[in-house]
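Text of run_12.cif (mmCIF, C-alpha atoms) as supplied:
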```cif
data_final
loop_
_atom_site.label_atom_id
_atom_site.label_comp_id
_atom_site.auth_asym_id
_atom_site.auth_seq_id
_atom_site.Cartn_x
_atom_site.Cartn_y
_atom_site.Cartn_z
CA MET A 213 132.59 149.77 71.89
CA HIS A 214 132.12 147.19 69.18
CA THR A 215 130.06 145.04 71.56
CA LEU A 216 127.86 148.01 72.49
CA LEU A 217 127.14 148.74 68.84
CA SER A 218 126.27 145.12 68.27
CA LEU A 219 123.80 145.18 71.13
CA LYS A 220 122.17 148.33 69.79
CA LYS A 221 121.96 146.74 66.36
CA ILE A 222 120.32 143.66 67.81
CA ASN A 223 117.83 145.76 69.80
CA LEU A 224 116.98 147.81 66.69
CA THR A 225 116.47 144.66 64.66
CA TRP A 226 114.26 143.20 67.38
CA PHE A 227 112.22 146.43 67.55
CA VAL A 228 111.69 146.63 63.80
CA GLY A 229 110.75 142.96 63.69
CA SER A 230 108.23 143.42 66.49
CA VAL A 231 106.63 146.39 64.71
CA ILE A 232 106.32 144.38 61.50
CA VAL A 233 104.70 141.47 63.35
CA PHE A 234 102.33 143.82 65.18
CA LEU A 235 101.28 145.60 61.98
CA SER A 236 100.78 142.27 60.26
CA VAL A 237 98.45 141.12 62.98
CA VAL A 238 96.51 144.40 62.99
CA MET A 239 96.23 144.50 59.20
CA HIS A 240 95.17 140.88 59.07
CA GLY A 241 92.46 141.66 61.60
CA ASN A 242 91.23 144.58 59.54
CA VAL A 243 91.10 142.50 56.40
CA TYR A 244 89.21 139.76 58.23
CA ALA A 245 86.71 142.29 59.59
CA SER A 246 86.16 144.01 56.27
CA SER A 247 85.56 140.76 54.49
CA SER A 248 83.19 139.46 57.18
CA GLU A 249 81.13 142.38 58.30
CA GLY A 250 80.04 142.11 61.92
CA ASN A 251 81.88 138.85 62.49
CA GLU A 252 84.22 140.42 65.03
CA ASN A 253 81.18 140.91 67.25
CA ALA A 254 79.93 137.38 66.81
CA LYS A 255 79.86 135.26 69.95
CA LEU A 256 79.76 131.52 70.46
CA ILE A 257 79.76 130.28 74.02
CA VAL A 258 79.34 126.76 75.37
CA THR A 259 78.58 125.88 78.99
CA PRO A 260 79.51 124.07 81.09
CA LYS A 261 83.05 122.94 80.38
CA PRO A 262 85.35 121.09 80.56
CA CYS A 263 84.11 117.52 80.33
CA VAL A 264 85.98 115.46 82.92
CA ALA A 265 86.43 111.70 82.65
CA LEU A 266 87.97 109.51 85.31
CA ARG A 267 90.92 108.48 83.18
CA LYS A 268 92.54 109.32 79.90
CA GLY A 269 90.99 107.58 76.93
CA GLN A 270 87.64 107.07 78.59
CA LYS A 271 84.54 108.48 76.90
CA CYS A 272 83.36 111.64 78.60
CA TYR A 273 79.72 112.65 78.89
CA LEU A 274 78.41 116.19 79.36
CA GLU A 275 75.11 117.96 78.72
CA VAL A 276 76.16 121.22 77.09
CA THR A 277 74.38 124.31 75.79
CA PHE A 278 75.66 126.56 73.03
CA ASN A 279 74.65 130.22 72.86
CA TRP A 280 75.54 132.34 69.86
CA GLU A 281 74.95 135.89 68.70
CA HIS A 282 75.68 137.79 65.51
CA PRO A 283 74.95 141.47 64.74
CA ILE A 284 73.35 140.54 61.42
CA ALA A 285 70.47 138.13 61.07
CA SER A 286 71.16 135.43 58.52
CA ASN A 287 71.26 131.66 58.02
CA TYR A 288 73.83 130.22 60.45
CA CYS A 289 74.92 126.75 61.39
CA LEU A 290 76.67 125.31 64.42
CA VAL A 291 79.35 122.91 63.23
CA ASN A 292 81.54 120.42 65.05
CA SER A 293 84.76 121.24 63.24
CA THR A 294 86.57 118.26 64.78
CA THR A 295 84.18 115.77 63.20
CA ASN A 296 83.02 118.15 60.45
CA GLN A 297 79.43 117.49 61.46
CA THR A 298 76.69 120.13 61.28
CA MET A 299 74.92 120.18 64.62
CA HIS A 300 72.06 122.60 63.95
CA CYS A 301 71.10 125.43 61.58
CA TRP A 302 68.99 128.55 62.07
CA GLN A 303 67.21 130.55 59.37
CA GLN A 304 67.32 134.36 59.44
CA GLN A 305 68.34 134.53 63.08
CA ALA A 306 70.75 136.84 64.93
CA LYS A 307 71.08 134.56 67.97
CA GLY A 308 70.34 131.04 68.98
CA GLN A 309 70.69 128.33 71.55
CA TYR A 310 71.33 124.64 71.15
CA SER A 311 71.72 121.88 73.73
CA PHE A 312 73.02 118.40 73.20
CA ASP A 313 74.63 115.45 74.94
CA PHE A 314 78.37 115.67 74.32
CA GLN A 315 80.11 112.28 74.24
CA SER A 316 83.74 111.99 73.24
CA THR A 317 87.14 110.72 74.30
CA GLN A 318 88.86 113.89 73.07
CA SER A 319 88.39 117.65 72.97
CA ASN A 320 86.12 118.90 70.19
CA ASP A 321 86.17 122.26 68.41
CA PHE A 322 82.94 123.95 67.38
CA ALA A 323 82.29 126.87 65.07
CA LEU A 324 79.48 129.13 63.97
CA ARG A 325 79.35 129.35 60.19
CA LYS A 326 77.09 130.86 57.61
CA GLN A 327 75.05 128.15 55.96
CA LYS A 328 76.90 126.55 53.02
CA SER A 329 80.08 128.32 54.07
CA ALA A 330 83.30 126.78 55.35
CA THR A 331 84.47 129.95 57.07
CA ASP A 332 84.35 130.06 60.84
CA ILE A 333 82.62 133.15 62.20
CA ALA A 334 83.18 132.27 65.85
CA ARG A 335 84.80 129.33 67.53
CA THR A 336 84.73 127.54 70.85
CA THR A 337 85.97 124.24 72.32
CA ILE A 338 84.70 121.60 74.67
CA PRO A 339 87.89 120.35 76.30
CA VAL A 340 88.00 116.77 77.54
CA ALA A 341 90.04 116.42 80.70
CA TRP A 342 90.69 113.50 83.00
CA VAL A 343 91.84 112.73 86.53
CA TYR A 344 94.15 109.76 85.97
CA LYS A 345 96.47 109.33 83.05
CA SER A 346 96.64 105.83 81.60
CA THR A 347 99.17 103.95 79.56
CA LYS A 348 98.72 100.97 77.33
CA ARG A 349 100.14 97.81 78.78
CA ALA A 350 103.01 96.04 77.03
CA LYS A 351 102.55 92.85 75.07
CA SER A 352 104.04 89.55 76.25
CA THR A 353 107.21 90.69 77.91
CA TRP A 354 109.18 88.69 80.43
CA ARG A 355 111.61 90.67 82.50
CA LEU A 356 114.56 89.49 84.54
CA PHE A 357 116.35 91.36 87.27
CA MET B 87 92.21 86.13 109.70
CA ASP B 88 90.30 89.32 110.00
CA THR B 89 90.05 92.20 112.25
CA MET B 90 93.31 93.85 113.15
CA SER B 91 95.04 92.03 110.42
CA SER B 92 95.67 95.08 108.37
CA VAL B 93 95.86 98.78 108.59
CA SER B 94 97.45 101.16 106.19
CA THR B 95 100.89 102.54 106.82
CA THR B 96 99.40 105.98 106.94
CA GLN B 97 97.15 105.08 109.76
CA ILE B 98 99.96 103.48 111.71
CA LYS B 99 102.04 106.61 111.29
CA LEU B 100 99.07 108.70 112.22
CA MET B 101 98.58 106.67 115.36
CA THR B 102 102.25 106.93 116.24
CA LYS B 103 102.57 110.63 115.75
CA LEU B 104 99.46 111.74 117.49
CA ASN B 105 100.29 112.92 120.97
CA PHE B 106 97.00 114.10 122.30
CA LYS B 107 95.35 113.26 125.57
CA LYS B 108 95.07 109.58 126.19
CA SER B 109 91.33 109.58 125.92
CA LEU B 110 91.50 111.20 122.53
CA THR B 111 94.30 108.90 121.48
CA SER B 112 92.31 105.96 122.63
CA ARG B 113 89.25 107.09 120.74
CA LEU B 114 91.27 107.72 117.64
CA SER B 115 92.94 104.37 117.91
CA MET B 116 89.59 102.77 118.29
CA ALA B 117 88.32 104.57 115.25
CA LEU B 118 91.29 103.47 113.21
CA MET B 119 91.00 99.96 114.47
CA MET B 120 87.35 99.86 113.55
CA ILE B 121 88.06 101.18 110.10
CA ALA B 122 90.80 98.67 109.69
CA SER B 123 88.74 95.81 110.91
CA ALA B 124 85.57 96.75 109.17
CA SER B 125 86.77 98.08 105.91
CA PHE B 126 90.29 97.17 105.12
CA SER B 127 91.39 93.86 106.41
CA SER B 128 88.64 91.85 104.93
CA VAL B 129 89.50 92.94 101.44
CA SER B 130 93.15 93.60 101.92
CA ILE B 131 94.11 91.35 99.07
CA ALA B 132 91.38 92.61 96.87
CA ASN B 133 92.19 96.24 96.97
CA ASP B 134 94.71 96.21 94.22
CA ILE B 135 92.12 94.73 91.94
CA SER B 136 89.69 97.22 93.40
CA HIS B 137 92.02 100.01 92.40
CA THR B 138 92.40 98.49 88.96
CA LEU B 139 88.67 98.22 88.56
CA ARG B 140 88.06 101.75 89.76
CA ASN B 141 90.65 103.55 87.71
CA SER B 142 91.40 101.46 84.64
CA ALA B 143 88.26 100.51 82.86
CA ASP B 144 90.22 99.74 79.70
CA GLU B 145 91.55 96.22 79.98
CA ASN B 146 94.84 97.22 78.42
CA ALA B 147 95.39 100.38 80.42
CA THR B 148 97.14 100.97 83.69
CA THR B 149 97.10 104.08 85.81
CA GLU B 150 100.20 106.23 85.55
CA ASN B 151 102.03 107.76 88.49
CA TYR B 152 99.78 109.73 90.76
CA PHE B 153 99.35 110.88 94.33
CA GLU B 154 96.17 111.78 96.16
CA LEU B 155 94.96 112.74 99.60
CA GLY B 156 91.43 112.46 100.85
CA LEU B 157 88.98 112.17 103.69
CA GLY B 158 86.24 109.62 104.14
CA VAL B 159 83.58 108.36 106.49
CA ILE B 160 82.66 104.76 107.15
CA ALA B 161 79.88 103.00 109.01
CA GLY B 162 78.92 99.40 109.43
CA VAL B 163 78.72 96.32 111.61
CA GLY B 164 81.39 93.79 112.47
CA PRO B 165 83.32 92.03 115.20
CA ASN B 166 84.93 94.21 117.82
CA LEU B 167 88.10 93.52 119.80
CA THR B 168 87.54 96.01 122.57
CA GLU B 169 83.88 97.01 122.83
CA ASP B 170 80.62 95.20 123.38
CA ASN B 171 79.14 96.77 120.28
CA ASP B 172 79.12 95.51 116.73
CA GLN B 173 78.34 98.90 115.19
CA PHE B 174 80.91 101.47 114.20
CA ALA B 175 81.15 104.81 112.40
CA SER B 176 84.18 106.97 111.89
CA GLY B 177 86.18 109.21 109.59
CA TYR B 178 89.46 108.26 107.98
CA LEU B 179 92.36 109.65 106.02
CA ILE B 180 93.14 108.51 102.49
CA VAL B 181 96.64 108.44 101.03
CA ASN B 182 96.78 106.88 97.59
CA GLY B 183 99.75 106.89 95.28
CA ASN B 184 101.71 105.01 92.70
CA TYR B 185 105.13 105.57 91.18
CA THR B 186 106.64 103.28 88.56
CA TRP B 187 110.25 103.32 87.42
CA ASN B 188 111.67 100.73 85.04
CA ASN B 189 109.07 98.13 86.04
CA LEU B 190 109.79 98.74 89.70
CA PHE B 191 106.91 100.34 91.51
CA ILE B 192 105.90 101.66 94.87
CA GLU B 193 102.23 101.97 95.64
CA ASN B 194 100.02 102.85 98.54
CA TYR B 195 96.34 102.39 98.06
CA GLY B 196 95.20 104.00 101.26
CA GLU B 197 91.82 102.36 101.33
CA SER B 198 93.47 98.98 101.33
CA GLY B 199 94.95 97.03 104.18
CA GLU B 200 98.19 96.42 102.38
CA GLY B 201 99.64 99.83 103.06
CA LEU B 202 102.90 100.62 101.38
CA LEU B 203 103.85 98.06 98.76
CA LEU B 204 107.05 97.69 96.75
CA GLY B 205 106.84 95.67 93.58
CA TYR B 206 108.42 94.55 90.36
CA ASN B 207 106.45 93.81 87.22
CA ALA B 208 108.06 90.56 86.04
CA PHE B 209 105.68 89.71 83.20
CA ASP B 210 103.22 91.67 81.17
CA SER B 211 101.14 90.52 78.22
CA SER B 212 97.96 91.75 76.65
CA ASN B 213 95.92 89.70 79.09
CA TRP B 214 98.10 88.83 82.07
CA SER B 215 100.46 90.68 84.35
CA LEU B 216 102.62 89.26 87.15
CA ASP B 217 103.98 91.44 89.94
CA LEU B 218 106.39 90.42 92.66
CA VAL B 219 105.45 92.43 95.73
CA VAL B 220 106.68 92.99 99.24
CA GLY B 221 105.35 95.13 102.05
CA PRO B 222 104.29 95.24 105.69
CA GLN B 223 100.87 93.82 106.46
CA PHE B 224 98.74 93.25 109.53
CA ARG B 225 99.16 95.07 112.78
CA GLY B 226 99.51 94.56 116.48
CA LEU B 227 97.30 95.07 119.49
CA GLY B 228 98.97 98.12 120.95
CA PHE B 229 95.95 100.32 120.43
CA ASP B 230 94.24 99.29 123.67
CA ASP B 231 95.36 98.77 127.27
CA LYS B 232 93.35 95.57 127.32
CA PHE B 233 96.19 93.83 125.51
CA ASP B 234 99.05 95.20 127.58
CA ASP B 235 99.80 91.81 129.14
CA LEU B 236 100.19 90.15 125.76
CA ASP B 237 103.31 89.92 123.61
CA ASP B 238 103.64 92.43 120.79
CA ARG B 239 102.18 91.49 117.43
CA ASP B 240 104.40 93.12 114.84
CA PRO B 241 103.53 93.62 111.18
CA SER B 242 104.45 90.77 108.84
CA ILE B 243 106.64 91.46 105.83
CA MET B 244 104.62 89.75 103.16
CA PHE B 245 106.44 88.80 99.97
CA GLY B 246 104.92 87.01 97.00
CA GLY B 247 103.29 87.17 93.60
CA ARG B 248 100.27 88.99 92.32
CA LEU B 249 98.90 87.68 89.04
CA THR B 250 96.30 89.84 87.34
CA GLY B 251 94.36 88.68 84.30
CA TYR B 252 92.08 90.54 81.94
CA VAL B 253 89.61 88.04 80.54
CA GLU B 254 86.92 89.59 78.39
CA ASP B 255 85.28 92.19 80.62
CA ASN B 256 86.48 90.61 83.85
CA VAL B 257 89.58 91.24 85.90
CA LEU B 258 90.99 88.33 87.89
CA GLN B 259 93.64 88.59 90.55
CA PHE B 260 95.44 85.77 92.31
CA THR B 261 97.77 86.52 95.18
CA LEU B 262 100.13 84.27 97.12
CA LYS B 263 102.32 85.80 99.82
CA HIS B 264 104.50 84.62 102.68
CA ASP B 265 105.92 86.45 105.70
CA ILE B 266 109.66 86.79 105.18
CA GLY B 267 110.08 88.95 108.28
CA GLY B 268 109.90 85.96 110.58
CA LYS B 269 107.12 87.35 112.76
CA SER B 270 104.07 85.33 111.83
CA LYS B 271 105.85 83.14 109.24
CA GLY B 272 102.40 82.94 107.73
CA LEU B 273 101.03 82.44 104.27
CA LEU B 274 98.01 83.96 102.65
CA ALA B 275 96.34 83.49 99.30
CA SER B 276 93.41 85.01 97.50
CA ALA B 277 91.43 84.75 94.30
CA ILE B 278 89.26 87.69 93.28
CA VAL B 279 87.19 88.35 90.17
CA GLY B 280 85.67 91.69 89.33
CA ARG B 281 84.44 93.91 86.56
CA ASN B 282 83.47 97.51 85.99
CA TRP B 283 80.82 99.42 84.16
CA GLN B 284 80.66 102.99 83.03
CA TYR B 285 77.37 104.86 83.01
CA ARG B 286 78.08 108.33 81.73
CA ASN B 287 80.91 109.61 83.98
CA TRP B 288 80.03 107.26 86.85
CA ASN B 289 82.36 104.27 87.08
CA TYR B 290 80.84 101.30 88.88
CA HIS B 291 82.68 98.17 89.91
CA GLY B 292 81.88 94.92 91.64
CA MET B 293 83.96 91.97 92.73
CA VAL B 294 83.79 88.76 94.71
CA GLY B 295 86.53 86.56 96.01
CA VAL B 296 87.90 84.17 98.54
CA GLN B 297 90.85 84.62 100.88
CA TYR B 298 92.90 82.02 102.71
CA PHE B 299 94.94 82.66 105.85
CA ASP B 300 97.08 79.85 107.20
CA ALA B 301 97.30 78.82 110.85
CA ASN B 302 100.58 80.68 111.41
CA ILE B 303 99.02 84.05 110.63
CA ASN B 304 95.90 83.36 112.66
CA ASP B 305 97.91 82.01 115.57
CA TYR B 306 100.36 84.91 115.65
CA TYR B 307 97.70 87.63 115.58
CA TYR B 308 94.66 85.98 117.20
CA GLY B 309 96.20 83.18 119.20
CA VAL B 310 97.06 83.29 122.88
CA THR B 311 100.15 81.38 124.02
CA ALA B 312 100.40 79.48 127.27
CA ASP B 313 102.75 82.15 128.64
CA GLU B 314 100.35 84.92 127.69
CA ALA B 315 97.45 83.03 129.23
CA ALA B 316 99.39 82.60 132.47
CA ARG B 317 99.94 86.33 132.91
CA SER B 318 96.71 87.73 131.47
CA GLU B 319 92.95 87.34 131.59
CA PHE B 320 92.92 85.51 128.26
CA THR B 321 92.71 81.76 127.88
CA GLU B 322 95.17 79.88 125.71
CA TYR B 323 94.04 79.66 122.10
CA HIS B 324 95.59 78.34 118.91
CA PRO B 325 93.43 78.87 115.81
CA GLY B 326 93.82 76.93 112.58
CA SER B 327 93.61 78.20 109.03
CA ASN B 328 90.51 79.78 107.54
CA PHE B 329 88.80 80.98 104.39
CA ASN B 330 86.87 84.24 104.04
CA LEU B 331 84.42 85.15 101.33
CA THR B 332 84.49 88.78 100.32
CA ALA B 333 82.41 91.02 98.05
CA GLU B 334 82.53 94.68 97.14
CA VAL B 335 80.55 97.10 95.01
CA GLY B 336 81.54 100.70 94.50
CA VAL B 337 81.32 103.78 92.39
CA THR B 338 83.91 106.38 91.44
CA TYR B 339 83.04 109.78 90.01
CA PRO B 340 85.40 112.50 88.75
CA ILE B 341 84.12 115.71 90.30
CA SER B 342 86.78 117.73 88.47
CA GLU B 343 90.28 117.21 87.10
CA ASN B 344 91.61 117.00 90.65
CA TRP B 345 88.73 115.80 92.81
CA VAL B 346 87.36 112.25 92.93
CA PHE B 347 84.33 110.94 94.79
CA ARG B 348 84.14 107.31 95.88
CA SER B 349 81.54 105.22 97.63
CA THR B 350 81.98 101.57 98.52
CA ALA B 351 79.92 98.82 100.11
CA ARG B 352 81.81 95.81 101.43
CA PHE B 353 80.79 92.47 102.81
CA ASN B 354 82.76 89.52 104.05
CA THR B 355 82.35 86.45 106.14
CA VAL B 356 84.26 86.01 109.38
CA SER B 357 85.46 82.55 110.28
CA ASP B 358 84.99 80.75 113.56
CA GLU B 359 88.77 80.42 113.78
CA ASP B 360 88.91 84.15 114.35
CA MET B 361 85.72 84.56 116.35
CA ASP B 362 86.65 81.82 118.81
CA SER B 363 89.66 83.88 119.84
CA PRO B 364 89.35 85.19 123.40
CA LEU B 365 90.72 88.51 122.19
CA PHE B 366 87.35 89.51 120.73
CA GLU B 367 84.81 91.36 122.82
CA THR B 368 82.03 91.17 120.21
CA THR B 369 81.80 88.44 117.61
CA ARG B 370 79.91 88.23 114.34
CA SER B 371 79.90 85.84 111.42
CA THR B 372 79.80 88.68 108.88
CA ARG B 373 81.14 92.16 108.47
CA MET B 374 79.49 94.89 106.40
CA SER B 375 80.45 98.48 105.79
CA LEU B 376 79.55 101.49 103.69
CA SER B 377 82.17 104.16 103.07
CA THR B 378 82.25 107.44 101.17
CA SER B 379 85.23 109.62 100.45
CA VAL B 380 86.47 112.62 98.53
CA SER B 381 90.10 112.80 97.39
CA TYR B 382 92.31 115.44 95.82
CA VAL B 383 94.54 114.08 93.06
CA PHE B 384 97.80 115.98 92.56
#
```
Whole structure given in structure tokens:
Amino acid sequence: MHTLLSLKKINLTWFVGSVIVFLSVVMHGNVYASSSEGNENAKLIVTPKPCVALRKGQKCYLEVTFNWEHPIASNYCLVNSTTNQTMHCWQQQAKGQYSFDFQSTQSNDFALRKQKSATDIARTTIPVAWVYKSTKRAKSTWRLF
Amino acid sequence: MDTMSSVSTTQIKLMTKLNFKKSLTSRLSMALMMIASASFSSVSIANDISHTLRNSADENATTENYFELGLGVIAGVGPNLTEDNDQFASGYLIVNGNYTWNNLFIENYGESGEGLLLGYNAFDSSNWSLDLVVGPQFRGLGFDDKFDDLDDRDPSIMFGGRLTGYVEDNVLQFTLKHDIGGKSKGLLASAIVGRNWQYRNWNYHGMVGVQYFDANINDYYYGVTADEAARSEFTEYHPGSNFNLTAEVGVTYPISENWVFRSTARFNTVSDEDMDSPLFETTRSTRMSLSTSVSYVF
């Protein structure tokens, strides 16, 4: 009987906790939407992906194209948030396209931001994958059986 | 030492297990033999460096454990043991893999003639690495009825050292191995230098080298004893040692995270010691091949 009550108590606790987490997520989303009108409908897509190198650590090359849309025309910039480099900016546009030659040894994150803003409106990633993993070789090591 | 000198373990198993009609078996054996003779044996020592050049462009990087299966096609010209034709074209199976555990490793670079290789990394520095390796190498003549009257030529168990150096942008590999199985009791050595280049996601490599096969190896696989001569159509023959020059250029391209494309052109000289053997039906002083393959990496 005592065990059964304990189980019910645990289930109730889990349920209440889940509701709190769910509401937090929903409320956070509402706050985000109200503070950034139309941002929830913003899109940033990059094709193709991923970039595949032969082995880990090797620089990967890929011609990519970004397409973005936003319900409200404004001044937007495409930013490489991994390197914090602004790739391209548009003036009073609601959509845009940008192509460039991606070259990196690691995955890079990209974001659409309003000009002179540090807030991401939409995000995407160019993952860098590889076929063969590699390891660094040891330094001057003799081994005996 | 050339033609049937090496064939991958996979191919040998494939040949053993296939139980089709004799004509099909014969054709398959011929195909495998041609692949072996045209593509693998001539660069059997070089393939480890070839693998290094293909997959590890960084001088301080080695490829981690992996396994891959693939299919390829090969065409070229070269000596032929059984047909009066120096041209060949065929498909082949690729089984590549490497597993390392506490400096012990097992590797099978299917496009090489070395087949399955067990090894121990005895020394490793920033520029040099020494492996002790052992594995079966070379093959017999059982693939054609023409050689039925001859003694069996069994694979040699080659044991020795493989020293690989990374000097600036070049990779050097020196190999010295001896048959500890007591079949050929032969010795072989090689010195290969190569390098790679990356252009976007295409990985190119090139290498040149020289290989030495002692008289024991040549005599065991290409020689004809007095007893064999007495009971067969072949005349007695005892070749000496020989050197081969070898060269290879290739490209490797990652199609996706699991698929790899390779294309390779190979060239090597063929010594008179081999070509004077009565076992050969067609002789040439050079061998050239072009192969292309696609592999799935697990």
Point to revise | For Val294 in chain B: contacts at 6 Å, all atoms listed in the file, fewer than 3 positions along chain excluded, given as JSON, numbers by chain | key: {"B": [278, 279, 332, 333]}
Check your understanding: How far is it from CA of Lys268 in chain A to CA of Thr350 in chain B, in Å with one decimal?
Key ->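 CA of Lys268 in chain A sits 22.8 Å away from CA of Thr350 in chain B.
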Check your understanding: Nearest to Trp187 in chain B: which of B:Thr321, B:Asn207, B:Thr311, B:Ser379 is it, counting all atoms listed in the file?
Key -> B:Asn207
**Study point:** Two-atom distance - CA of Pro222 in chain B, CA of Leu331 in chain B (Å)
**Key:**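 For CA of Pro222 in chain B relative to CA of Leu331 in chain B, the distance reads 22.7 Å.
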Review point. Looking at all atoms listed in the file, which of B:Trp345, B:Tyr195, B:Trp283, B:Tyr152 is the one that sits closest to Tyr344 in chain A?
Key: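 For Tyr344 in chain A, the nearest of the candidates is B:Tyr152.
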Review point. Which of these residues is nearest to chain A, using only C-alpha atoms: B:Ser270, B:Ser327, B:Ser381, B:Asn256?
Key: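 For chain A, the nearest of the candidates is B:Ser381.
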Point to revise | Length of the CA of Ala301 in chain B to CA of Ala316 in chain B vector [Å] | key: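 Taking CA of Ala301 in chain B as the start and CA of Ala316 in chain B as the end point, the length is 22.0 Å.
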Practice item. Report the residues retrieved by the PyMOL selection byres ((chain B and resi 358-362) around 7) from the displayed file, expressed as a list in words. Key: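 Against this file, the PyMOL selection byres ((chain B and resi 358-362) around 7) returns the residues Met87, Asp88, Tyr308, Pro325, Gly326, Asn328, Val356, Ser357, Ser363, Pro364, Phe366 and Thr369 of chain B.
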Check your understanding: So which residues get picked by the PyMOL selection byres ((chain B and resi 329) around 6) here, written as a PyMOL selection string?
Key -> chain B and resi 297-298+328+330
Review point. Could you name the residues that touch Val257 in chain B at 6 Å or less, counting all atoms listed in the file, but leaving out those on the same chain fewer than 6 positions away, as a list in words?
Key: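 The residues satisfying every condition are Gly251, Val279, Gly280 and Arg281 of chain B.
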Exercise for review: Report as a list in words the residues that result from applying the PyMOL selection byres ((chain A and resi 303) around 10) to the structure here.
Suggested key: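 On the file shown, the PyMOL selection byres ((chain A and resi 303) around 10) covers Ala285, Ser286, Asn287, Tyr288, Cys289, Cys301, Trp302, Gln304, Gln305, Ala306 and Gln327 of chain A.
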Point to revise | Answer as a list in words, residues within 10 Å of (79.3, 130.0, 57.7) using only C-alpha atoms | key: Ser286, Asn287, Tyr288, Cys289, Leu290, Val291, Ala323, Leu324, Arg325, Lys326, Gln327, Lys328, Ser329, Ala330, Thr331, Asp332, Ile333 and Ala334 of chain A
File dump, residues just selected, C-alpha atoms, as a compact mmCIF listing (two decimals), in the coordinates of the input:
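Below you can see result.txt, which holds the result:
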```txt
# COMPACT_ATOMS: atom_id res chain seq x y z
CA SER A 286 71.16 135.43 58.52
CA ASN A 287 71.26 131.66 58.02
CA TYR A 288 73.83 130.22 60.45
CA CYS A 289 74.92 126.75 61.39
CA LEU A 290 76.67 125.31 64.42
CA VAL A 291 79.35 122.91 63.23
CA ALA A 323 82.29 126.87 65.07
CA LEU A 324 79.48 129.13 63.97
CA ARG A 325 79.35 129.35 60.19
CA LYS A 326 77.09 130.86 57.61
CA GLN A 327 75.05 128.15 55.96
CA LYS A 328 76.90 126.55 53.02
CA SER A 329 80.08 128.32 54.07
CA ALA A 330 83.30 126.78 55.35
CA THR A 331 84.47 129.95 57.07
CA ASP A 332 84.35 130.06 60.84
CA ILE A 333 82.62 133.15 62.20
CA ALA A 334 83.18 132.27 65.85
```
Check your understanding: Looking at A:Ser319, A:Asn251, A:Ser311, A:Thr298, which one is nearest to Lys271 in chain A, with distances taken over only C-alpha atoms?
Key ->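 Going through A:Ser319, A:Asn251, A:Ser311, A:Thr298 one by one, the smallest distance to Lys271 in chain A is for A:Ser319.
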Check your understanding: Leaving out range 233-242 of chain B and any residue of its chain fewer than 3 positions from it, which residues lie within 8 Å of it when counting all atoms listed in the file, given as number ranges by chain?
Key -> B: 222-228, 230, 265-271, 306-307, 314, 317-318
Review point. So which residues touch Glu322 in chain B within 7 Å, counting all atoms listed in the file, skipping near sequence neighbours fewer than 6 positions away, as a list in words?
Key: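 Non-adjacent residues within range: Val310, Thr311, Ala312 and Ala315 of chain B.
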Point to revise | Gly336 in chain B environment, 7 Å, only C-alpha atoms, sequence neighbours closer than 4 positions dropped, as a list of chain:residue names | key: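 Near Gly336 in chain B, the qualifying residues are B:Tyr290, B:His291, B:Gly292, B:Ser349, B:Thr350, B:Ala351.
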Can those selected residues be exported to a file as a compact mmCIF listing (two decimals), in the coordinates of the input so that it contains C-alpha atoms?
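again.txt, freshly written:
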```
# COMPACT_ATOMS: atom_id res chain seq x y z
CA TYR B 290 80.84 101.30 88.88
CA HIS B 291 82.68 98.17 89.91
CA GLY B 292 81.88 94.92 91.64
CA SER B 349 81.54 105.22 97.63
CA THR B 350 81.98 101.57 98.52
CA ALA B 351 79.92 98.82 100.11
```
